[in-house]
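Everything on this sheet refers to the single structure shown next.
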Amino acid sequence: MKNFKFNLDYVREQFPCLCKTVNGYPAAFLDGPGGSQVPRCVVDRISDYLFYHNANGHGCFVTSEETMALQEEGRETLAAFFNCEPNEVIFGESSSNNNFKLCLALARDMKPGDEVIITDIDHESNRSPLRTLEEQGIVVKSVKIDLNTYTLDLEDYKKKLSPKTKVVAINWASNATGTVSDVKTMIKMAHEVGALTIIDAVHYAPHKVIDVKDIDTDFLVCSAYKFFGPHMGVMYAKAEVLDKVRTIRVLADDNTEVPEKFETGTPNYEHICGCAGAIDFIADIGEKHEEFFQEELKGLTGKRKNIVAGMLAIDAYEEPLNQRLRHELAKIDGVTLYGPPEEHPRTSTVSFTIAGRNSHDVAEFLAERGLFVWDGDFYAIEIIMNVLKLGDQGGFVRVGLAPYNTMEDIDRTIQAVKDFCAAGK
């Protein structure tokens with residue numbers, strides 16, 4: 001990547017929300033880990049469907065036929081995002097729902113004494129579906145975190161894997177600490193004992209390139225509303241694996257094949273169109289920046305090439321902002337950062353606490369200055385509340401970056417944290 005320059009103005013002008021002000025301050029949307037803002041092109045896709053194509057599927061009239069074509073187009077677009085086949089793309093209400101439906105289906109072929117593995121760093125939407133299986137005698141093991149590095153303890157993982165392990169569920173990136181885990185290695189180890197793998201890419205997907213074939217996972221979940229789309233869960237399922245899964249479905253003859261066998265009820269067609277629009281937005285960014293990533297894009301063509309270029313451009317833009325925020329916050333007396341070492345892969349999410357202060361109070365102070373950040377446990381309950389025991393402090397303050405954020409947003413945040421600390425002395 002040589003002389004990289006991000007076309008920030010072009011990206012920002014596509015988000016009407018950026019005109020918002022709070023108490024005279026321009027709004028800085030640093031809440032991306034809880035859901036990004038949505039560009040016009042995505043809303044246009046949704047409204048176009050509802051205005052001109054709205055129908056249920058499988059009819060012989062034109063709007064129904066258009067609906068089915070748009071659904072297939074959505075699968076093809078998300079397949080380019082995942083690097084898979086269109087019939088391996090599943091749409092659902094949310095990642096939590098997709099995870100629960102998947103785990104309940106897998107449990108139909110499990111027996112008491114079988115084992116599953118989760119991790120202490122995961123969001124509960126990836127942990128809880130397997131934890132519920134304890135009620136039927138399934139043994140649930142959770143991989144520990146190395147608190148010196150805020151990374152998963154691979155030695156502990158190795159110890160917990162066994163021939164009894166049937167499912168391994170791990171996140172690719174932590175929504176609490178931003179830690180990116182070596183899922184490719186962990187998936188390989190799981191497959192060596194015959195286990196299926198579920199990768200939670202909800203926090204990873206907005207920031208890094210996904211290639212399901214490279215990591216060789218069986219399933220992967222993510223949420224379109226984290227990467228500029230509507231509230232919808234999207235899942236990759238390896239076709240030959242899902243074909244054998246006894247999914248929970250309406251007992252009819254028209255939903256027995258992959259991927260429809262997993263999608264219960266009438267699809268949310270308008271949001272499928274919005275999901276495709278979000279990926280096309282990323283691809284458009286890629287087209288405008290691909291000159292900077294010629295080496296990384298070798299061998300790629302078409303929409304996949306543009307999507308990869310877009311994700312690389314987003315990551316390259318966010319990283320300097322992320323570095324400045326981390327480095328400057330670390331200099332403030334009383335601030336503790338929670339994340340992996342500098343050399344370890346991470347997303348552009350920065351979490352911290354301030355000694356003796358409640359994180360909710362920090363978030364409120366920043367909100368009054370138009371700085372939108374999260375506080376609490378973000379459903380990463382195990383690490384924040386049980387391992388680090390930060391309940392009394394209100395969990396973390398979490399700042400997340402997106403490609404519409406600016407260095408001015410970062411500097412304002414740093415100054416506001418300094419002001420908050422100074423005001424408490």
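FYI, nothing fancy with the structure tokens labels: chains A, B, ... in order, residues from 1 per chain, ligands from 1 as they appear.
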**Prompt:** When DSSP works through the backbone of this structure, what residues of segment 80-177 of chain A end up as helix (DSSP H, G or I), shown as a PyMOL selection string?
**Reply:** chain A and resi 80-82+86-88+95-107+124-136+154-160
**Request:** Would you mind listing what lies within 12 Å of segment 268-272 of chain A as a ChimeraX atom specification, with only C-alpha atoms counted and same-chain residues fewer than 6 positions away left out?
**Result:** /A:42-57,63-64,66-78,89-94,223-225,228-234,278-279
**Request:** Taking the chain letters and numbering used in this document, name the residues of segment 200-396 of chain A that DSSP puts in strand (DSSP E or B), as a ChimeraX atom specification.
**Result:** /A:200,219-223,233-237,335-338,346,349-354,371-372,374-376,395-396
Take the residues just selected and output them with C-alpha atoms as a JSON list (two decimals), in the first residue's frame.
```json
[["chain", "number", "residue", "atom", "x", "y", "z"],
["A", 200, "ASP", "CA", -19.00, -15.25, 15.09],
["A", 219, "PHE", "CA", -20.67, -21.85, 9.65],
["A", 220, "LEU", "CA", -20.14, -18.11, 10.06],
["A", 221, "VAL", "CA", -22.57, -15.48, 11.33],
["A", 222, "CYS", "CA", -22.54, -11.71, 10.95],
["A", 223, "SER", "CA", -25.00, -8.82, 11.07],
["A", 233, "GLY", "CA", -28.49, -11.47, 10.33],
["A", 234, "VAL", "CA", -26.55, -13.11, 7.51],
["A", 235, "MET", "CA", -24.99, -16.55, 7.80],
["A", 236, "TYR", "CA", -22.61, -18.64, 5.72],
["A", 237, "ALA", "CA", -23.21, -22.39, 5.88],
["A", 335, "VAL", "CA", -7.22, 5.58, 32.12],
["A", 336, "THR", "CA", -6.82, 1.82, 31.62],
["A", 337, "LEU", "CA", -7.05, 0.36, 28.10],
["A", 338, "TYR", "CA", -8.23, -3.19, 27.44],
["A", 346, "ARG", "CA", -7.17, -6.03, 16.18],
["A", 349, "THR", "CA", -12.37, -0.59, 18.64],
["A", 350, "VAL", "CA", -10.93, 0.97, 21.78],
["A", 351, "SER", "CA", -12.23, 0.09, 25.25],
["A", 352, "PHE", "CA", -11.17, 1.70, 28.50],
["A", 353, "THR", "CA", -12.10, 2.54, 32.07],
["A", 354, "ILE", "CA", -11.24, 5.52, 34.26],
["A", 371, "LEU", "CA", -19.58, 12.12, 21.04],
["A", 372, "PHE", "CA", -21.61, 8.91, 20.76],
["A", 374, "TRP", "CA", -21.07, 2.89, 24.30],
["A", 375, "ASP", "CA", -20.76, 1.87, 27.93],
["A", 376, "GLY", "CA", -21.51, -1.40, 29.71],
["A", 395, "GLY", "CA", -18.16, -2.10, 32.47],
["A", 396, "PHE", "CA", -16.14, -0.49, 29.67]]
```
Interface rows for segment 69-122 of chain A against segment 150-162 of chain A: nearest pair, Å to one decimal, 9 Å, only C-alpha atoms, as CSV:
```
residue,atom,partner,partner_atom,distance
A:Glu115,CA,A:Ser162,CA,8.2
A:Val116,CA,A:Leu161,CA,8.7
A:Ile117,CA,A:Lys160,CA,7.6
A:Thr119,CA,A:Leu152,CA,7.8
A:Asp120,CA,A:Leu152,CA,8.1
A:Ile121,CA,A:Leu152,CA,7.4
```
**Residue nearest Cys273 of chain A - candidates A:Ala27, A:Ala201, A:Cys41, A:Ala355, atoms counted: only C-alpha atoms** = A:Cys41
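Taking atom CA of Ile282 of chain A and atom CA of Trp172 of chain A as endpoints, the distance between them is 20.0 Å.
Residue nearest Thr149 of chain A within the list A:Val180, A:Ala276, A:Ala402, A:Leu104: A:Val180 [criterion: smallest interatomic distance, only C-alpha atoms].
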**Spatial neighbours of segment 242-245 of chain A, max dist 10 Å, only C-alpha atoms, sep filter under 5 positions, as a PyMOL selection string** = chain A and resi 88+102+105-109+218-219+236-237+256-259+261-262
Would you mind exporting all heavy atoms of the selected residues as a CSV table (one decimal), in the first residue's frame?
```csv
chain,number,residue,atom,x,y,z
A,88,GLU,N,-25.0,-21.0,-0.3
A,88,GLU,CA,-24.4,-21.1,1.1
A,88,GLU,C,-24.7,-19.9,1.9
A,88,GLU,O,-24.2,-19.7,3.0
A,88,GLU,CB,-22.9,-21.4,1.0
A,88,GLU,CG,-22.6,-22.7,0.3
A,88,GLU,CD,-21.1,-23.0,0.1
A,88,GLU,OE1,-20.4,-22.1,-0.4
A,88,GLU,OE2,-20.6,-24.1,0.5
A,102,LEU,N,-29.4,-22.6,14.6
A,102,LEU,CA,-28.3,-23.5,14.2
A,102,LEU,C,-28.0,-24.5,15.4
A,102,LEU,O,-27.9,-25.7,15.2
A,102,LEU,CB,-27.1,-22.8,13.8
A,102,LEU,CG,-25.9,-23.6,13.5
A,102,LEU,CD1,-26.1,-24.6,12.3
A,102,LEU,CD2,-24.7,-22.7,13.1
A,105,ALA,N,-30.7,-27.0,16.0
A,105,ALA,CA,-30.7,-28.1,15.0
A,105,ALA,C,-29.6,-29.1,15.2
A,105,ALA,O,-29.8,-30.3,15.1
A,105,ALA,CB,-30.6,-27.4,13.6
A,106,LEU,N,-28.4,-28.6,15.5
A,106,LEU,CA,-27.2,-29.5,15.7
A,106,LEU,C,-27.5,-30.4,16.9
A,106,LEU,O,-27.1,-31.6,16.9
A,106,LEU,CB,-26.0,-28.7,15.9
A,106,LEU,CG,-25.5,-27.8,14.7
A,106,LEU,CD1,-24.3,-27.0,15.1
A,106,LEU,CD2,-25.1,-28.7,13.5
A,107,ALA,N,-28.2,-29.9,17.9
A,107,ALA,CA,-28.4,-30.6,19.1
A,107,ALA,C,-29.3,-31.9,18.8
A,107,ALA,O,-29.3,-32.8,19.6
A,107,ALA,CB,-29.1,-29.7,20.2
A,108,ARG,N,-30.1,-31.8,17.8
A,108,ARG,CA,-31.0,-33.0,17.5
A,108,ARG,C,-30.2,-34.2,17.2
A,108,ARG,O,-30.7,-35.3,17.3
A,108,ARG,CB,-31.9,-32.6,16.3
A,108,ARG,CG,-32.8,-31.4,16.5
A,108,ARG,CD,-33.6,-31.1,15.3
A,108,ARG,NE,-34.7,-32.0,15.1
A,108,ARG,CZ,-35.6,-31.9,14.1
A,108,ARG,NH1,-35.4,-31.0,13.2
A,108,ARG,NH2,-36.6,-32.8,14.0
A,109,ASP,N,-28.9,-34.1,16.8
A,109,ASP,CA,-28.1,-35.3,16.6
A,109,ASP,C,-26.9,-35.4,17.6
A,109,ASP,O,-25.9,-36.0,17.3
A,109,ASP,CB,-27.5,-35.2,15.2
A,109,ASP,CG,-28.5,-35.4,14.1
A,109,ASP,OD1,-29.4,-36.3,14.2
A,109,ASP,OD2,-28.6,-34.6,13.2
A,218,ASP,N,-17.3,-24.2,9.0
A,218,ASP,CA,-18.5,-24.8,8.6
A,218,ASP,C,-19.7,-23.8,8.6
A,218,ASP,O,-20.5,-23.8,7.7
A,218,ASP,CB,-18.9,-26.0,9.6
A,218,ASP,CG,-17.8,-27.0,9.6
A,218,ASP,OD1,-17.6,-27.6,8.5
A,218,ASP,OD2,-17.1,-27.2,10.6
A,219,PHE,N,-19.6,-22.9,9.6
A,219,PHE,CA,-20.7,-21.9,9.7
A,219,PHE,C,-20.0,-20.5,10.1
A,219,PHE,O,-19.0,-20.5,10.8
A,219,PHE,CB,-21.8,-22.2,10.7
A,219,PHE,CG,-22.4,-23.5,10.4
A,219,PHE,CD1,-22.0,-24.7,11.0
A,219,PHE,CD2,-23.5,-23.6,9.5
A,219,PHE,CE1,-22.6,-25.9,10.8
A,219,PHE,CE2,-24.1,-24.8,9.2
A,219,PHE,CZ,-23.7,-26.0,9.9
A,236,TYR,N,-23.2,-17.7,6.7
A,236,TYR,CA,-22.6,-18.6,5.7
A,236,TYR,C,-22.7,-20.0,6.3
A,236,TYR,O,-22.5,-20.3,7.5
A,236,TYR,CB,-21.1,-18.3,5.5
A,236,TYR,CG,-20.3,-19.5,5.0
A,236,TYR,CD1,-20.5,-19.9,3.6
A,236,TYR,CD2,-19.5,-20.3,5.8
A,236,TYR,CE1,-19.8,-21.0,3.1
A,236,TYR,CE2,-18.8,-21.4,5.3
A,236,TYR,CZ,-19.0,-21.7,4.0
A,236,TYR,OH,-18.3,-22.8,3.5
A,237,ALA,N,-23.2,-21.0,5.5
A,237,ALA,CA,-23.2,-22.4,5.9
A,237,ALA,C,-22.6,-23.2,4.8
A,237,ALA,O,-23.1,-23.2,3.6
A,237,ALA,CB,-24.6,-22.8,6.2
A,256,THR,N,-36.9,-28.1,1.8
A,256,THR,CA,-36.1,-29.2,2.2
A,256,THR,C,-34.6,-29.1,1.7
A,256,THR,O,-33.8,-29.9,2.2
A,256,THR,CB,-36.6,-30.5,1.7
A,256,THR,OG1,-36.7,-30.5,0.3
A,256,THR,CG2,-38.1,-30.7,2.3
A,257,GLU,N,-34.3,-28.1,0.9
A,257,GLU,CA,-33.0,-28.0,0.3
A,257,GLU,C,-32.2,-26.8,0.9
A,257,GLU,O,-32.8,-25.9,1.4
A,257,GLU,CB,-33.1,-27.8,-1.2
A,257,GLU,CG,-33.8,-29.0,-1.9
A,257,GLU,CD,-33.1,-30.3,-1.8
A,257,GLU,OE1,-31.9,-30.3,-1.8
A,257,GLU,OE2,-33.8,-31.3,-1.6
A,258,VAL,N,-30.9,-26.9,0.8
A,258,VAL,CA,-30.0,-25.7,1.1
A,258,VAL,C,-30.3,-24.6,0.1
A,258,VAL,O,-30.3,-24.8,-1.1
A,258,VAL,CB,-28.6,-26.2,1.1
A,258,VAL,CG1,-27.6,-25.0,1.3
A,258,VAL,CG2,-28.3,-27.3,2.1
A,259,PRO,N,-30.4,-23.3,0.6
A,259,PRO,CA,-30.4,-22.8,1.9
A,259,PRO,C,-31.7,-22.7,2.6
A,259,PRO,O,-31.8,-22.3,3.7
A,259,PRO,CB,-29.7,-21.5,1.8
A,259,PRO,CG,-30.2,-21.0,0.4
A,259,PRO,CD,-30.4,-22.2,-0.4
A,261,LYS,N,-33.9,-24.6,3.7
A,261,LYS,CA,-34.2,-25.4,4.8
A,261,LYS,C,-33.9,-24.8,6.2
A,261,LYS,O,-34.4,-25.2,7.2
A,261,LYS,CB,-33.5,-26.8,4.7
A,261,LYS,CG,-32.0,-26.7,4.8
A,261,LYS,CD,-31.3,-28.1,4.6
A,261,LYS,CE,-31.5,-28.9,5.8
A,261,LYS,NZ,-30.7,-30.2,5.8
A,262,PHE,N,-33.1,-23.7,6.1
A,262,PHE,CA,-32.7,-23.0,7.4
A,262,PHE,C,-33.5,-21.8,7.6
A,262,PHE,O,-33.7,-21.3,8.7
A,262,PHE,CB,-31.2,-22.7,7.4
A,262,PHE,CG,-30.7,-22.2,8.7
A,262,PHE,CD1,-30.2,-23.2,9.6
A,262,PHE,CD2,-30.7,-20.9,9.1
A,262,PHE,CE1,-29.7,-22.8,10.8
A,262,PHE,CE2,-30.2,-20.5,10.3
A,262,PHE,CZ,-29.7,-21.5,11.2
```
